[in-house]
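For reference, start_1.cif (mmCIF, C-alpha atoms):
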```cif
data_target
loop_
_atom_site.label_atom_id
_atom_site.label_comp_id
_atom_site.auth_asym_id
_atom_site.auth_seq_id
_atom_site.Cartn_x
_atom_site.Cartn_y
_atom_site.Cartn_z
CA MET A 619 -4.08 -45.44 -25.25
CA ARG A 620 -2.54 -46.38 -21.91
CA LEU A 621 -0.87 -42.94 -21.65
CA SER A 622 -4.13 -41.08 -22.28
CA TRP A 623 -5.83 -43.18 -19.58
CA ARG A 624 -3.13 -42.22 -17.11
CA LEU A 625 -3.48 -38.55 -17.99
CA ALA A 626 -7.24 -38.75 -17.54
CA PHE A 627 -6.67 -40.28 -14.12
CA LEU A 628 -4.02 -37.81 -12.99
CA LEU A 629 -5.61 -34.62 -14.32
CA PRO A 630 -8.28 -34.24 -11.59
CA ILE A 631 -5.64 -34.88 -8.92
CA LEU A 632 -3.33 -32.24 -10.39
CA VAL A 633 -6.19 -29.73 -10.59
CA CYS A 634 -7.08 -30.33 -6.94
CA LEU A 635 -3.45 -29.94 -5.86
CA ALA A 636 -3.11 -26.71 -7.83
CA SER A 637 -6.27 -25.24 -6.33
CA ALA A 638 -5.23 -26.22 -2.82
CA GLN A 639 -2.07 -24.16 -3.29
CA ASP A 640 -4.07 -20.99 -3.98
CA GLU A 641 -4.25 -20.23 -0.26
CA ASN A 642 -2.01 -21.43 2.54
CA LEU A 643 -4.30 -23.64 4.65
CA LEU A 644 -3.64 -23.60 8.39
CA TYR A 645 -6.49 -25.58 9.94
CA HIS A 646 -10.20 -26.34 9.63
CA THR A 647 -12.94 -27.91 11.75
CA CYS A 648 -16.40 -29.31 10.97
CA SER A 649 -19.05 -29.50 13.68
CA GLY A 650 -22.77 -29.28 14.35
CA ALA A 651 -25.54 -31.39 12.90
CA ASN A 652 -25.81 -32.60 9.32
CA TYR A 653 -28.11 -31.09 6.72
CA THR A 654 -29.69 -33.12 3.95
CA SER A 655 -29.08 -32.62 0.26
CA ASN A 656 -31.42 -30.12 -1.42
CA SER A 657 -32.77 -29.02 1.97
CA ILE A 658 -33.75 -25.43 2.72
CA TYR A 659 -30.59 -25.07 4.79
CA GLN A 660 -28.40 -26.08 1.86
CA LYS A 661 -30.22 -23.67 -0.45
CA ASN A 662 -29.70 -20.86 2.07
CA LEU A 663 -26.03 -21.83 2.42
CA ASN A 664 -25.51 -21.81 -1.34
CA ALA A 665 -27.20 -18.41 -1.64
CA LEU A 666 -25.00 -17.04 1.15
CA LEU A 667 -21.81 -18.39 -0.45
CA SER A 668 -22.79 -16.85 -3.78
CA SER A 669 -23.52 -13.45 -2.22
CA LEU A 670 -20.25 -13.48 -0.30
CA SER A 671 -18.07 -14.42 -3.26
CA SER A 672 -19.68 -11.83 -5.55
CA ASN A 673 -19.56 -8.92 -3.11
CA LYS A 674 -17.28 -6.09 -4.26
CA ASP A 675 -18.55 -3.30 -2.01
CA ILE A 676 -16.79 -4.23 1.24
CA ASP A 677 -13.22 -2.91 1.20
CA TYR A 678 -12.18 -3.23 4.85
CA GLY A 679 -11.77 -7.01 5.12
CA PHE A 680 -14.72 -8.01 7.35
CA TYR A 681 -17.82 -9.77 6.03
CA ASN A 682 -20.94 -10.64 8.04
CA PHE A 683 -23.65 -12.29 5.93
CA SER A 684 -26.80 -14.21 6.86
CA GLU A 685 -29.43 -16.03 4.81
CA GLY A 686 -32.80 -17.59 5.70
CA GLU A 687 -34.98 -17.64 8.81
CA GLY A 688 -35.53 -19.79 11.88
CA ILE A 689 -33.79 -23.16 12.12
CA ASP A 690 -32.69 -22.92 8.48
CA ARG A 691 -30.90 -19.60 8.92
CA VAL A 692 -27.20 -19.59 8.00
CA ASN A 693 -24.86 -17.06 9.63
CA SER A 694 -21.34 -16.38 8.38
CA ILE A 695 -18.24 -14.34 9.17
CA ALA A 696 -15.16 -13.81 7.01
CA LEU A 697 -12.15 -11.85 8.18
CA CYS A 698 -9.01 -10.98 6.24
CA ARG A 699 -5.65 -10.31 7.84
CA GLY A 700 -5.40 -6.60 8.35
CA ASP A 701 -2.11 -6.05 6.53
CA ILE A 702 -2.97 -7.60 3.14
CA SER A 703 -4.35 -5.84 0.07
CA GLN A 704 -8.03 -5.80 -0.86
CA THR A 705 -7.25 -7.91 -3.92
CA ALA A 706 -5.57 -10.61 -1.81
CA CYS A 707 -8.45 -10.42 0.68
CA GLN A 708 -11.15 -10.99 -1.94
CA ARG A 709 -9.14 -13.81 -3.49
CA CYS A 710 -8.87 -15.59 -0.14
CA VAL A 711 -12.55 -15.12 0.72
CA ASN A 712 -13.67 -16.31 -2.71
CA PHE A 713 -11.45 -19.38 -2.40
CA SER A 714 -12.83 -20.18 1.06
CA THR A 715 -16.45 -20.15 -0.12
CA THR A 716 -15.63 -23.02 -2.46
CA ASP A 717 -13.05 -24.83 -0.34
CA LEU A 718 -14.81 -25.03 3.05
CA PRO A 719 -18.07 -26.68 1.88
CA GLN A 720 -15.95 -29.32 0.18
CA ARG A 721 -14.01 -29.98 3.39
CA CYS A 722 -17.18 -30.14 5.49
CA PRO A 723 -19.95 -31.48 3.25
CA THR A 724 -23.43 -31.68 4.81
CA ARG A 725 -22.22 -30.10 8.11
CA LYS A 726 -24.14 -27.12 9.40
CA GLU A 727 -21.15 -25.57 11.13
CA ALA A 728 -17.64 -25.22 9.74
CA ILE A 729 -14.61 -22.93 9.99
CA VAL A 730 -11.36 -22.68 8.06
CA TRP A 731 -8.19 -20.68 8.65
CA TYR A 732 -5.77 -19.68 5.92
CA ASP A 733 -2.72 -17.48 6.24
CA ASN A 734 -4.64 -14.54 4.76
CA CYS A 735 -8.21 -15.00 6.02
CA ILE A 736 -10.67 -17.05 8.05
CA PHE A 737 -14.20 -18.08 7.08
CA ARG A 738 -16.95 -19.71 9.11
CA TYR A 739 -20.65 -20.41 8.89
CA SER A 740 -23.14 -21.85 11.35
CA ASN A 741 -26.83 -22.34 12.05
CA ARG A 742 -26.38 -20.58 15.41
CA SER A 743 -25.66 -16.94 16.22
CA ILE A 744 -21.92 -16.25 16.00
CA LEU A 745 -21.87 -12.45 15.98
CA GLY A 746 -20.90 -10.34 18.97
CA SER A 747 -19.39 -13.03 21.23
CA TRP A 748 -15.86 -14.43 21.48
CA GLU A 749 -14.86 -18.09 21.57
CA GLN A 750 -11.82 -20.02 22.81
CA PRO A 751 -8.65 -20.44 20.70
CA ALA A 752 -8.68 -23.44 18.42
CA TYR A 753 -5.20 -24.15 17.07
CA TYR A 754 -1.54 -23.55 17.97
CA MET A 755 1.64 -23.35 15.89
CA TRP A 756 5.18 -22.52 17.01
CA ASN A 757 8.74 -22.05 15.80
CA LEU A 758 10.99 -25.02 16.62
CA ASN A 759 14.00 -22.80 17.39
CA ASN A 760 14.67 -21.55 20.93
CA VAL A 761 15.81 -18.13 22.13
CA SER A 762 19.03 -17.63 24.05
CA ASP A 763 17.59 -15.62 26.96
CA THR A 764 14.08 -16.82 27.75
CA ASN A 765 13.37 -14.40 30.59
CA LEU A 766 14.43 -11.30 28.65
CA PHE A 767 12.60 -12.50 25.54
CA ASN A 768 9.34 -13.11 27.42
CA GLN A 769 9.62 -9.75 29.14
CA GLU A 770 9.97 -7.88 25.85
CA LEU A 771 7.32 -10.04 24.18
CA ASP A 772 4.82 -9.39 26.98
CA GLY A 773 5.26 -5.62 26.63
CA LEU A 774 4.87 -5.75 22.85
CA LEU A 775 1.73 -7.92 22.87
CA SER A 776 0.10 -5.86 25.63
CA SER A 777 0.61 -2.70 23.59
CA LEU A 778 -0.73 -4.32 20.42
CA ARG A 779 -3.73 -5.71 22.32
CA ASP A 780 -4.66 -2.21 23.47
CA GLN A 781 -4.32 -0.82 19.94
CA ALA A 782 -6.36 -3.58 18.33
CA SER A 783 -9.16 -3.68 20.91
CA SER A 784 -9.67 0.09 20.60
CA GLY A 785 -10.32 -0.24 16.86
CA ASP A 786 -13.66 0.46 15.23
CA SER A 787 -16.44 -1.74 13.81
CA GLN A 788 -14.49 -2.28 10.59
CA LYS A 789 -11.04 -3.25 11.85
CA LYS A 790 -9.47 -4.36 15.13
CA PHE A 791 -5.89 -5.03 14.11
CA ALA A 792 -2.38 -4.01 15.16
CA ILE A 793 1.22 -4.78 14.19
CA GLY A 794 4.49 -3.69 15.74
CA ASP A 795 7.96 -4.70 16.87
CA THR A 796 10.36 -4.27 19.76
CA SER A 797 14.05 -4.79 20.41
CA TYR A 798 15.13 -8.05 22.07
CA ALA A 799 18.91 -8.18 21.61
CA ILE A 800 21.59 -6.65 19.41
CA PHE A 801 20.42 -6.93 15.79
CA THR A 802 17.38 -8.93 16.93
CA ARG A 803 13.79 -7.72 17.14
CA ILE A 804 10.44 -9.32 17.95
CA TYR A 805 7.61 -8.74 15.48
CA GLY A 806 3.98 -9.14 16.55
CA LEU A 807 0.50 -9.15 15.00
CA VAL A 808 -2.86 -9.28 16.80
CA GLN A 809 -6.40 -9.17 15.45
CA CYS A 810 -10.02 -9.58 16.54
CA THR A 811 -13.19 -9.82 14.53
CA PRO A 812 -14.49 -6.23 14.62
CA ASP A 813 -17.97 -7.26 15.78
CA LEU A 814 -16.46 -7.67 19.27
CA SER A 815 -16.50 -4.84 21.79
CA GLU A 816 -13.26 -3.39 23.13
CA VAL A 817 -13.55 -5.48 26.32
CA GLN A 818 -14.41 -8.68 24.42
CA CYS A 819 -11.44 -8.25 22.06
CA SER A 820 -9.08 -7.58 24.97
CA ASN A 821 -10.35 -10.62 26.88
CA CYS A 822 -10.08 -12.88 23.86
CA LEU A 823 -6.47 -11.87 23.24
CA ASP A 824 -5.53 -12.16 26.92
CA ARG A 825 -6.88 -15.72 26.92
CA SER A 826 -4.75 -16.50 23.86
CA PHE A 827 -1.63 -14.92 25.39
CA ARG A 828 -1.85 -17.31 28.35
CA ASP A 829 -0.72 -20.16 26.11
CA ILE A 830 2.68 -18.53 25.50
CA THR A 831 4.16 -19.75 28.78
CA VAL A 832 2.59 -23.19 28.32
CA VAL A 833 3.01 -23.98 24.62
CA PHE A 834 5.57 -21.48 23.29
CA TYR A 835 7.89 -21.07 26.27
CA GLY A 836 11.36 -20.15 24.99
CA LYS A 837 10.38 -20.42 21.31
CA GLN A 838 11.41 -17.83 18.72
CA GLY A 839 7.88 -17.68 17.35
CA GLY A 840 4.33 -18.77 18.02
CA ARG A 841 0.83 -18.44 16.66
CA VAL A 842 -2.67 -18.92 18.07
CA ILE A 843 -5.73 -18.89 15.82
CA GLY A 844 -9.34 -18.91 16.93
CA PRO A 845 -12.80 -18.02 15.68
CA SER A 846 -12.75 -14.59 17.35
CA CYS A 847 -9.13 -13.49 17.68
CA ASN A 848 -5.60 -14.50 16.77
CA PHE A 849 -2.02 -13.43 17.29
CA ARG A 850 1.46 -14.26 16.06
CA TYR A 851 5.02 -13.30 16.92
CA GLU A 852 8.39 -14.06 15.29
CA ILE A 853 11.95 -12.74 15.33
CA ASP A 854 11.66 -12.20 11.56
CA GLN A 855 9.17 -9.80 10.01
CA PHE A 856 6.29 -11.82 8.59
CA TYR A 857 3.65 -9.14 7.97
CA GLU A 858 3.30 -6.45 5.37
CA ILE A 859 3.48 -2.76 6.19
CA PRO A 860 0.23 -1.19 4.93
CA PRO A 861 0.77 1.95 2.84
CA PRO A 862 -0.19 5.23 4.50
CA PRO A 863 -3.64 6.53 3.60
CA SER A 864 -3.52 8.59 0.42
CA SER A 865 -4.27 12.28 0.84
CA ALA A 866 -5.98 14.28 -1.85
CA VAL A 867 -3.53 16.49 -3.75
CA PRO A 868 -4.83 20.07 -3.79
CA PRO A 869 -5.26 21.59 -7.26
CA PRO A 870 -2.52 23.99 -8.32
CA ALA A 871 -3.21 27.52 -7.20
CA ILE A 872 -4.14 29.95 -9.95
CA ALA A 873 -1.72 32.85 -10.02
CA PRO A 874 -3.47 36.19 -9.42
CA PRO A 875 -3.40 38.66 -12.32
CA PRO A 876 -0.55 41.18 -12.21
CA PRO A 877 -1.51 44.39 -10.43
CA THR A 878 -2.54 47.30 -12.62
CA PRO A 879 0.19 49.96 -12.43
CA THR A 880 -0.97 53.24 -10.98
CA ILE A 881 0.65 56.59 -11.66
CA VAL A 882 1.30 58.37 -8.45
CA PRO A 883 1.71 62.17 -8.84
CA PRO A 884 4.74 63.67 -7.18
CA ALA A 885 4.07 64.95 -3.72
CA GLY A 886 4.65 68.29 -2.04
CA GLY A 887 6.21 71.38 -3.77
CA GLU A 888 7.14 69.52 -6.94
CA SER A 889 3.44 68.97 -7.68
CA ASP A 890 2.60 72.66 -7.24
CA LYS A 891 5.50 73.74 -9.46
CA VAL A 892 4.46 71.44 -12.30
CA ARG A 893 0.86 72.58 -12.00
CA ASN A 894 1.86 76.27 -12.14
CA ILE A 895 3.99 75.68 -15.22
CA ILE A 896 1.17 73.89 -16.99
CA ILE A 897 -1.28 76.71 -16.13
CA GLY A 898 1.15 79.35 -17.34
CA VAL A 899 1.80 77.58 -20.64
CA VAL A 900 -1.88 76.97 -21.30
CA SER A 901 -2.75 80.61 -20.47
CA THR A 902 -0.05 81.95 -22.79
CA VAL A 903 -1.19 79.72 -25.64
CA CYS A 904 -4.79 80.81 -25.15
CA VAL A 905 -3.81 84.51 -25.18
CA VAL A 906 -1.74 84.08 -28.34
CA ILE A 907 -4.58 82.24 -30.08
CA MET A 908 -7.00 84.97 -29.04
CA ILE A 909 -4.70 87.72 -30.38
CA ILE A 910 -4.30 85.89 -33.67
CA CYS A 911 -8.06 85.47 -33.97
CA ILE A 912 -8.64 89.20 -33.28
CA PHE A 913 -5.98 90.11 -35.79
CA ILE A 914 -7.53 87.91 -38.46
CA PHE A 915 -10.99 89.23 -37.66
CA LEU A 916 -9.84 92.88 -37.98
CA LYS A 917 -7.94 92.11 -41.17
CA LEU A 918 -10.97 90.52 -42.76
CA ARG A 919 -13.18 93.42 -41.60
CA ASN A 920 -10.89 96.05 -43.09
CA ARG A 921 -10.74 94.11 -46.34
CA LYS A 922 -14.50 93.91 -46.46
CA ALA A 923 -14.82 97.66 -45.84
CA LYS A 924 -12.43 98.43 -48.68
CA LEU A 925 -14.38 96.19 -51.05
CA GLU A 926 -17.67 97.88 -50.11
CA SER A 927 -16.22 101.37 -50.71
CA LYS A 928 -14.85 100.25 -54.06
CA TYR A 929 -18.25 98.91 -55.11
CA GLN A 930 -19.85 102.25 -54.07
CA GLU A 931 -17.44 104.21 -56.28
CA LEU A 932 -18.38 102.08 -59.25
#
```
Have the structure of the file written as structure tokens, please.
Amino acid sequence: MRLSWRLAFLLPILVCLASAQDENLLYHTCSGANYTSNSIYQKNLNALLSSLSSNKDIDYGFYNFSEGEGIDRVNSIALCRGDISQTACQRCVNFSTTDLPQRCPTRKEAIVWYDNCIFRYSNRSILGSWEQPAYYMWNLNNVSDTNLFNQELDGLLSSLRDQASSGDSQKKFAIGDTSYAIFTRIYGLVQCTPDLSEVQCSNCLDRSFRDITVVFYGKQGGRVIGPSCNFRYEIDQFYEIPPPPSSAVPPPAIAPPPPTPTIVPPAGGESDKVRNIIIGVVSTVCVVIMIICIFIFLKLRNRKAKLESKYQEL
């Protein structure tokens, strides 16, 4: 009896711990005013969360959903890391729609960052504008040559910033690496929410890069996450290489039918000689047949004449 009571007590805790391990939580914040239970805002929020978690049409990792009108309108953004699969993206977004409301109950504004995605909702407009970075993480190990490392890192992140900011309305994301020392490379990842313009994305990343010399100076790795953009760098590869886009395989070509053989008559004098021979043979045969026919005709005529004379004598 005592054992079953302990199991009943521990089971909910174990379930919560198991679910929390589904996604690697980085940070979350709750802000804004409170909403009351069963209010219109909560109903709109629940409808939005349901629509987001059940959506299967979006396959590029960026979700922008809204529900309701006026002061009860709920706006949301979800963004998956650009190098993960669609399956991993949907799993992270679905998890966030359940996890975040539990972390920020009754709050009208909340945001959560996981390793694979971010999710936020608010009663204010959050689309089309960038906001300041929110959280910093760094590697505890130091590099051997800080000046050289920062020089190479600055070049890498500037190149990735330009690639990401020039992306389209579905993805603003870039990954890459550069050489730092013998057998050592620096790997970088940058990303913006694709609702930002090219200038907004570039400005957001530049603001985040400024913290490298303040927070990450001389560190082998660092990471800045924010509502609008984020970046990370390490001396070990931490991102996945997306597969190249699949190209349609053309159907096998149907072999043309074999050409119909044509008989080409011999050219020049050989043709004339053959033709003359054929004409001569045909003419001879015709003459012989004609002679035979005349001979038979005369033979039959003579025979008939003899028979008539014999009948006259009788």
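Shell of Asp829 of chain A at 12 Å, with only C-alpha atoms counted and residues fewer than 2 places along the chain excluded, is A:Gln750, A:Pro751, A:Ala752, A:Tyr753, A:Tyr754, A:Met755, A:Trp756, A:Leu823, A:Asp824, A:Arg825, A:Ser826, A:Phe827, A:Thr831, A:Val832, A:Val833, A:Phe834, A:Tyr835, A:Gly840, A:Arg841, A:Val842, A:Ile843, A:Asn848, A:Phe849, A:Arg850.
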Near Glu641 of chain A, counting only C-alpha atoms, which residues have an atom at most 10 Å away, once you skip same-chain residues fewer than 2 positions from it, shown as a PyMOL selection string?
chain A and resi 637-639+643-644+706+709-711+713-714+717+731-735
Selection result of the PyMOL selection byres ((chain A and resi 795) around 6) on this file, as a ChimeraX atom specification
/A:794,796,804-806
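Each of A:Ile914, A:Gln781, A:Phe767, A:Cys698 was checked against Tyr851 of chain A using all atoms listed in the file; the smallest atom-to-atom distance is that of A:Phe767.
Contact shell of Asn759 of chain A at 8 Å (all atoms listed in the file; same-chain neighbours under 4 positions omitted): A:Lys837, A:Gln838, A:Gly839.
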Got time to write the residues from that selection, C-alpha atoms, as an mmCIF file, in the frame of the given file?
```
data_model
loop_
_atom_site.group_PDB
_atom_site.id
_atom_site.type_symbol
_atom_site.label_atom_id
_atom_site.label_comp_id
_atom_site.auth_asym_id
_atom_site.auth_seq_id
_atom_site.Cartn_x
_atom_site.Cartn_y
_atom_site.Cartn_z
ATOM 1 C CA LYS A 837 10.380 -20.420 21.310
ATOM 2 C CA GLN A 838 11.410 -17.830 18.720
ATOM 3 C CA GLY A 839 7.880 -17.680 17.350
#
```
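One finds atom CA of Asn652 of chain A at 11.9 Å from atom CA of Asp690 of chain A.
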From the list A:Asp675, A:Asp780, A:Asp701, A:Glu727, which residue is nearest Cys822 of chain A when using all atoms listed in the file?
A:Asp780
One decimal, Å: what's the distance from atom CA of Cys722 of chain A over to atom CA of Pro845 of chain A, could you say?
16.4 Å
